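Below is one structure, written out as structure tokens, with a few remarks after it.
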2 protein chains.
Amino acid sequence: MDPIICTVDVVLLTLQDDALKVALLKREREPYQGVAALPGGYIHVESDADTHDAAMRMLRDKAGIVPPYLEQLASFSGPARDPRGWSISIAYYALVPSALISQQHVLLADVDSTLQLPFDHKSILDAAVQRLRSKSQYSSLPCYLAGETFTLPQLQKVYEVLMGEPLNKVSFRRKMDEMDMLEAIEGKMMASGAHRPAQVYRLKAAYRKRLQLLERGL
Amino acid sequence: MDPIICTVDVVLLTLQDDALKVALLKREREPYQGVAALPGGYIHVESDADTHDAAMRMLRDKAGIVPPYLEQLASFSGPARDPRGWSISIAYYALVPSALISQQHVLLADVDSTLQLPFDHKSILDAAVQRLRSKSQYSSLPCYLAGETFTLPQLQKVYEVLMGEPLNKVSFRRKMDEMDMLEAIEGKMMASGAHRPAQVYRLKAAYRKRLQLLERGL
């Protein structure tokens, strides 16, 4: 059995100023000490139940975050991606509302900007963004970026940022109705600019931990 | 850095007698020596370019197969799945027409039968079957099980076995037209029972190595 370097890396995504951002941390150790990279690290066989557990630990310890959504993305491997030797990274992606992110801990970078990242972290980031955008078309996934409560115009904006195009308001609301995953918070309205106050919603309890899917996309 | 056992396991799927089958190999070594399991093994850091390459090597060396389709499924990890210690398996699934499988090398088992498999191979198998069935709804993936050439009734049967339900012939043909991935082999017809001979098709060259997707599922 050949020795292989096993790490877990997490693409932590959030929305800020209507743009999709990735959270980066300055690396504490070599290689690439001081360089901004995806949060990650070695698996601890004494304490981690699996790689999902390791990803949760890294977000908690390094960024102070317990994400509402964390999913395995893919593994990345080979002799050249890490200067220390043949390595495997099990990559995850997490979604968090920006209110949960302390900017003392992390740097937020626009995913569409030209980012120079160490290792193959740019490929991992690109794969995560592609997965998120593709899954947003037919699921409740974007709600994890919207915060605990939101109005329908706010939620529509989140979907629009992820899908990169304006959505028709009537058709968007019909799709949200079809997914039947939202509940109105009684008596709670939110004013926005010159518009009438809008009803505030949240995810129904059943969908706070698991995705709801659309049979046909948006 | 804690030592971790890194393996690659492959769920090799085929169709035989209108049923989805998985290829199993008797294990040559402990643990579980002599027990039928998914083909798999250690990564060889001297020769494998990545885990995809390792999966191709295992299918070639252990089952004599070069699959037309191989995709990473997910990684499975933890302290208990392998009696040797904390381990990660990077799992792949491969699709092959049954004509490519030599039954001297492998055992074929119905994926829907009650299979007793070592390690967490049953979970890996179930995840692969679920991925294949879900992806079959909106892609050319099932074509890799149909062989190099096929008639439309044969291809429809493959889709039906994977999706577990009969499909409407007119709507099926419209979807295949929409994907625009098939080409008729001029002058080649195939007779089947009492039916009129049917035109023989194959995948267009562009789709023999990559999937074609339907915007809306079948």
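All residue names refer to the structure tokens as shown: chains lettered A, B, ... in order, residues numbered from 1 in each chain, ligands numbered from 1 in order.
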
| request: With a cut-off of 12 Å and counting only C-alpha atoms, select all residues of chain A in contact with chain B and give the selection as a PyMOL selection string. | output: chain A and resi 1-8+41-54+71-81+84-92+134+137-138+214-218

Could you save the residues just selected, with N, CA and C atoms, as a compact mmCIF listing (two decimals), in the first residue's frame?
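Result saved to selection_4.txt:
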```txt
# COMPACT_ATOMS: atom_id res chain seq x y z
N MET A 1 0.85 -1.20 0.00
CA MET A 1 0.00 0.00 0.00
C MET A 1 0.88 1.25 0.00
N ASP A 2 0.76 2.05 -1.06
CA ASP A 2 1.56 3.28 -1.16
C ASP A 2 0.98 4.37 -0.26
N PRO A 3 1.85 5.17 0.39
CA PRO A 3 1.32 6.26 1.22
C PRO A 3 0.78 7.38 0.33
N ILE A 4 -0.39 7.87 0.67
CA ILE A 4 -1.05 8.91 -0.11
C ILE A 4 -1.50 10.01 0.84
N ILE A 5 -1.29 11.25 0.43
CA ILE A 5 -1.71 12.40 1.23
C ILE A 5 -3.22 12.59 1.05
N CYS A 6 -3.96 12.52 2.16
CA CYS A 6 -5.42 12.66 2.08
C CYS A 6 -5.87 13.93 2.77
N THR A 7 -6.50 14.82 2.01
CA THR A 7 -7.02 16.04 2.61
C THR A 7 -8.49 16.22 2.25
N VAL A 8 -9.11 17.14 2.97
CA VAL A 8 -10.47 17.57 2.65
C VAL A 8 -10.40 19.07 2.38
N GLY A 41 -7.69 20.72 5.08
CA GLY A 41 -6.67 20.16 5.96
C GLY A 41 -6.69 18.65 5.94
N TYR A 42 -5.84 18.08 6.76
CA TYR A 42 -5.76 16.63 6.87
C TYR A 42 -6.97 16.05 7.59
N ILE A 43 -7.27 14.81 7.25
CA ILE A 43 -8.27 14.05 8.01
C ILE A 43 -7.63 13.60 9.32
N HIS A 44 -8.41 13.67 10.42
CA HIS A 44 -7.94 13.17 11.72
C HIS A 44 -8.60 11.83 11.99
N VAL A 45 -7.85 10.75 11.86
CA VAL A 45 -8.49 9.44 11.98
C VAL A 45 -8.98 9.15 13.42
N GLU A 46 -8.41 9.85 14.40
CA GLU A 46 -8.86 9.62 15.77
C GLU A 46 -10.23 10.23 16.04
N SER A 47 -10.55 11.33 15.35
CA SER A 47 -11.78 12.04 15.72
C SER A 47 -12.80 12.20 14.60
N ASP A 48 -12.39 12.09 13.32
CA ASP A 48 -13.35 12.29 12.23
C ASP A 48 -14.09 10.99 11.91
N ALA A 49 -15.42 11.05 11.90
CA ALA A 49 -16.23 9.86 11.59
C ALA A 49 -16.17 9.52 10.11
N ASP A 50 -15.98 10.52 9.28
CA ASP A 50 -15.84 10.34 7.83
C ASP A 50 -15.39 11.68 7.25
N THR A 51 -15.30 11.79 5.92
CA THR A 51 -14.79 13.04 5.35
C THR A 51 -15.80 14.19 5.52
N HIS A 52 -17.08 13.89 5.54
CA HIS A 52 -18.11 14.92 5.78
C HIS A 52 -17.88 15.55 7.15
N ASP A 53 -17.65 14.71 8.12
CA ASP A 53 -17.36 15.15 9.49
C ASP A 53 -16.08 16.00 9.53
N ALA A 54 -15.08 15.60 8.77
CA ALA A 54 -13.83 16.36 8.71
C ALA A 54 -14.09 17.75 8.11
N GLU A 71 -22.31 19.52 0.94
CA GLU A 71 -22.47 18.36 0.05
C GLU A 71 -21.12 17.96 -0.53
N GLN A 72 -20.90 16.66 -0.66
CA GLN A 72 -19.66 16.21 -1.31
C GLN A 72 -19.70 16.58 -2.78
N LEU A 73 -18.59 17.13 -3.25
CA LEU A 73 -18.50 17.56 -4.64
C LEU A 73 -17.87 16.47 -5.49
N ALA A 74 -16.62 16.15 -5.23
CA ALA A 74 -15.89 15.13 -5.99
C ALA A 74 -14.53 14.99 -5.34
N SER A 75 -13.74 14.01 -5.79
CA SER A 75 -12.37 13.95 -5.31
C SER A 75 -11.43 14.32 -6.44
N PHE A 76 -10.32 14.91 -6.07
CA PHE A 76 -9.30 15.39 -7.01
C PHE A 76 -8.00 14.71 -6.61
N SER A 77 -7.26 14.17 -7.59
CA SER A 77 -6.12 13.34 -7.21
C SER A 77 -5.02 13.40 -8.24
N GLY A 78 -3.84 12.92 -7.84
CA GLY A 78 -2.72 12.82 -8.76
C GLY A 78 -1.39 13.14 -8.11
N PRO A 79 -0.30 12.97 -8.87
CA PRO A 79 1.04 13.18 -8.31
C PRO A 79 1.45 14.65 -8.26
N ALA A 80 0.77 15.54 -9.04
CA ALA A 80 1.29 16.89 -9.22
C ALA A 80 0.49 17.98 -8.50
N ARG A 81 -0.71 17.65 -8.01
CA ARG A 81 -1.55 18.73 -7.48
C ARG A 81 -1.04 19.28 -6.14
N ARG A 84 3.81 18.06 -2.03
CA ARG A 84 4.30 17.07 -1.05
C ARG A 84 4.26 15.65 -1.58
N GLY A 85 3.50 15.41 -2.68
CA GLY A 85 3.46 14.04 -3.22
C GLY A 85 2.08 13.67 -3.72
N TRP A 86 1.94 12.39 -4.10
CA TRP A 86 0.67 11.89 -4.64
C TRP A 86 -0.43 12.13 -3.60
N SER A 87 -1.50 12.80 -4.01
CA SER A 87 -2.50 13.22 -3.03
C SER A 87 -3.92 13.07 -3.55
N ILE A 88 -4.83 12.95 -2.61
CA ILE A 88 -6.27 12.97 -2.90
C ILE A 88 -6.90 14.04 -2.04
N SER A 89 -7.67 14.93 -2.66
CA SER A 89 -8.52 15.83 -1.88
C SER A 89 -9.97 15.46 -2.10
N ILE A 90 -10.68 15.20 -1.00
CA ILE A 90 -12.12 15.01 -1.10
C ILE A 90 -12.71 16.41 -0.93
N ALA A 91 -13.32 16.92 -2.00
CA ALA A 91 -13.82 18.29 -1.97
C ALA A 91 -15.32 18.34 -1.65
N TYR A 92 -15.68 19.31 -0.85
CA TYR A 92 -17.08 19.57 -0.49
C TYR A 92 -17.43 20.99 -0.89
N SER A 134 -26.00 24.55 -11.75
CA SER A 134 -26.83 23.57 -12.45
C SER A 134 -27.93 23.05 -11.53
N GLN A 137 -31.24 25.21 -10.87
CA GLN A 137 -32.32 25.25 -11.85
C GLN A 137 -33.52 24.43 -11.46
N TYR A 138 -33.30 23.40 -10.65
CA TYR A 138 -34.45 22.53 -10.37
C TYR A 138 -34.54 22.13 -8.89
N LEU A 214 -37.64 20.24 -8.23
CA LEU A 214 -38.65 20.52 -9.25
C LEU A 214 -38.55 19.42 -10.30
N GLU A 215 -39.70 18.91 -10.75
CA GLU A 215 -39.64 17.88 -11.79
C GLU A 215 -39.13 18.48 -13.10
N ARG A 216 -39.60 19.69 -13.40
CA ARG A 216 -39.10 20.43 -14.57
C ARG A 216 -38.41 21.68 -14.07
N GLY A 217 -37.30 22.03 -14.66
CA GLY A 217 -36.52 23.16 -14.16
C GLY A 217 -37.23 24.50 -14.27
N LEU A 218 -36.59 25.54 -13.79
CA LEU A 218 -37.13 26.90 -13.82
C LEU A 218 -37.27 27.40 -15.26
```

| task | Could you give me, as a PyMOL selection string, the residues within 12 Å of region 201-207 of chain B, counting only C-alpha atoms and dropping anything in the same chain fewer than 6 positions from it? | result | chain B and resi 68-69+139-155+176+179-190+213

| request: Taking the chain letters and numbering used in this document, name the residues of region 71-140 of chain B that DSSP puts in helix (DSSP H, G or I), as a VMD selection string. | output: chain B and resid 98 to 100 121 to 136

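Taking CA of Leu115 (chain B) as the reference point, CA of Gln156 (chain B) is found at 27.7 Å.
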
| request: Using DSSP on the backbone, list every residue of region 15-212 of chain A that comes out as strand (DSSP E), and give them as a PyMOL selection string. | output: chain A and resi 15-16+19-26+36-37+40-42+69-78+87-95+107-110+150-151+182-192+195-203

Residue selection dump (C-alpha atoms) as a PDB file, in the first residue's frame:
```pdb
ATOM      1  CA  LEU A  15     -23.937  35.901  -1.660  1.00  0.00           C
ATOM      2  CA  GLN A  16     -22.770  39.437  -0.974  1.00  0.00           C
ATOM      3  CA  ALA A  19     -22.607  38.434  -6.339  1.00  0.00           C
ATOM      4  CA  LEU A  20     -21.552  34.866  -5.588  1.00  0.00           C
ATOM      5  CA  LYS A  21     -18.463  34.838  -3.349  1.00  0.00           C
ATOM      6  CA  VAL A  22     -16.077  32.154  -2.142  1.00  0.00           C
ATOM      7  CA  ALA A  23     -14.506  32.227   1.315  1.00  0.00           C
ATOM      8  CA  LEU A  24     -10.703  31.950   1.367  1.00  0.00           C
ATOM      9  CA  LEU A  25      -8.303  31.579   4.274  1.00  0.00           C
ATOM     10  CA  LYS A  26      -4.619  32.484   4.420  1.00  0.00           C
ATOM     11  CA  ALA A  36      -5.269  32.603   0.273  1.00  0.00           C
ATOM     12  CA  ALA A  37      -6.746  29.148  -0.373  1.00  0.00           C
ATOM     13  CA  GLY A  40      -8.997  22.491   4.156  1.00  0.00           C
ATOM     14  CA  GLY A  41      -6.673  20.165   5.959  1.00  0.00           C
ATOM     15  CA  TYR A  42      -5.755  16.628   6.872  1.00  0.00           C
ATOM     16  CA  TYR A  69     -25.825  22.946   3.660  1.00  0.00           C
ATOM     17  CA  LEU A  70     -22.748  20.831   2.936  1.00  0.00           C
ATOM     18  CA  GLU A  71     -22.468  18.356   0.055  1.00  0.00           C
ATOM     19  CA  GLN A  72     -19.661  16.210  -1.308  1.00  0.00           C
ATOM     20  CA  LEU A  73     -18.502  17.565  -4.643  1.00  0.00           C
ATOM     21  CA  ALA A  74     -15.890  15.129  -5.988  1.00  0.00           C
ATOM     22  CA  SER A  75     -12.367  13.945  -5.311  1.00  0.00           C
ATOM     23  CA  PHE A  76      -9.302  15.386  -7.014  1.00  0.00           C
ATOM     24  CA  SER A  77      -6.118  13.340  -7.212  1.00  0.00           C
ATOM     25  CA  GLY A  78      -2.725  12.822  -8.762  1.00  0.00           C
ATOM     26  CA  SER A  87      -2.501  13.222  -3.030  1.00  0.00           C
ATOM     27  CA  ILE A  88      -6.267  12.967  -2.900  1.00  0.00           C
ATOM     28  CA  SER A  89      -8.517  15.825  -1.876  1.00  0.00           C
ATOM     29  CA  ILE A  90     -12.120  15.010  -1.097  1.00  0.00           C
ATOM     30  CA  ALA A  91     -13.820  18.294  -1.968  1.00  0.00           C
ATOM     31  CA  TYR A  92     -17.080  19.567  -0.488  1.00  0.00           C
ATOM     32  CA  TYR A  93     -19.120  22.674  -1.089  1.00  0.00           C
ATOM     33  CA  ALA A  94     -21.081  24.544   1.557  1.00  0.00           C
ATOM     34  CA  LEU A  95     -23.684  27.288   1.268  1.00  0.00           C
ATOM     35  CA  LEU A 107     -11.583  36.763   2.740  1.00  0.00           C
ATOM     36  CA  LEU A 108     -14.513  36.829   0.341  1.00  0.00           C
ATOM     37  CA  ALA A 109     -13.629  36.778  -3.369  1.00  0.00           C
ATOM     38  CA  ASP A 110     -15.944  37.014  -6.356  1.00  0.00           C
ATOM     39  CA  PHE A 150     -36.776  36.346   3.063  1.00  0.00           C
ATOM     40  CA  THR A 151     -39.394  37.905   0.829  1.00  0.00           C
ATOM     41  CA  LEU A 182     -42.058  27.857   1.776  1.00  0.00           C
ATOM     42  CA  GLU A 183     -44.303  29.033   4.600  1.00  0.00           C
ATOM     43  CA  ALA A 184     -45.418  32.626   5.197  1.00  0.00           C
ATOM     44  CA  ILE A 185     -44.541  33.984   8.640  1.00  0.00           C
ATOM     45  CA  GLU A 186     -47.902  35.290   9.827  1.00  0.00           C
ATOM     46  CA  GLY A 187     -48.103  39.066  10.156  1.00  0.00           C
ATOM     47  CA  LYS A 188     -44.462  39.604   9.154  1.00  0.00           C
ATOM     48  CA  MET A 189     -43.971  42.032   6.260  1.00  0.00           C
ATOM     49  CA  MET A 190     -40.881  43.780   4.987  1.00  0.00           C
ATOM     50  CA  ALA A 191     -40.782  47.144   3.227  1.00  0.00           C
ATOM     51  CA  SER A 192     -38.327  47.700   0.393  1.00  0.00           C
ATOM     52  CA  HIS A 195     -42.590  49.057  -3.102  1.00  0.00           C
ATOM     53  CA  ARG A 196     -45.480  47.832  -0.988  1.00  0.00           C
ATOM     54  CA  PRO A 197     -44.306  45.807   2.038  1.00  0.00           C
ATOM     55  CA  ALA A 198     -43.805  42.163   1.026  1.00  0.00           C
ATOM     56  CA  GLN A 199     -44.737  39.026   2.954  1.00  0.00           C
ATOM     57  CA  VAL A 200     -41.805  37.353   4.739  1.00  0.00           C
ATOM     58  CA  TYR A 201     -41.297  33.604   4.235  1.00  0.00           C
ATOM     59  CA  ARG A 202     -39.056  30.823   5.539  1.00  0.00           C
ATOM     60  CA  LEU A 203     -38.396  27.221   4.492  1.00  0.00           C
TER      61      LEU A 203
END
```

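Going from CA of Val161 (chain B) to CA of Asp18 (chain B) covers 6.4 Å.
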
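You can rank A:Leu12, A:Pro39, A:Pro166, A:Pro67 by their closest distance to Arg208 (chain A) using only C-alpha atoms, and at the top of that list sits A:Pro67.
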
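You will find CA of Val158 (chain A) at 18.3 Å from CA of Val11 (chain A).
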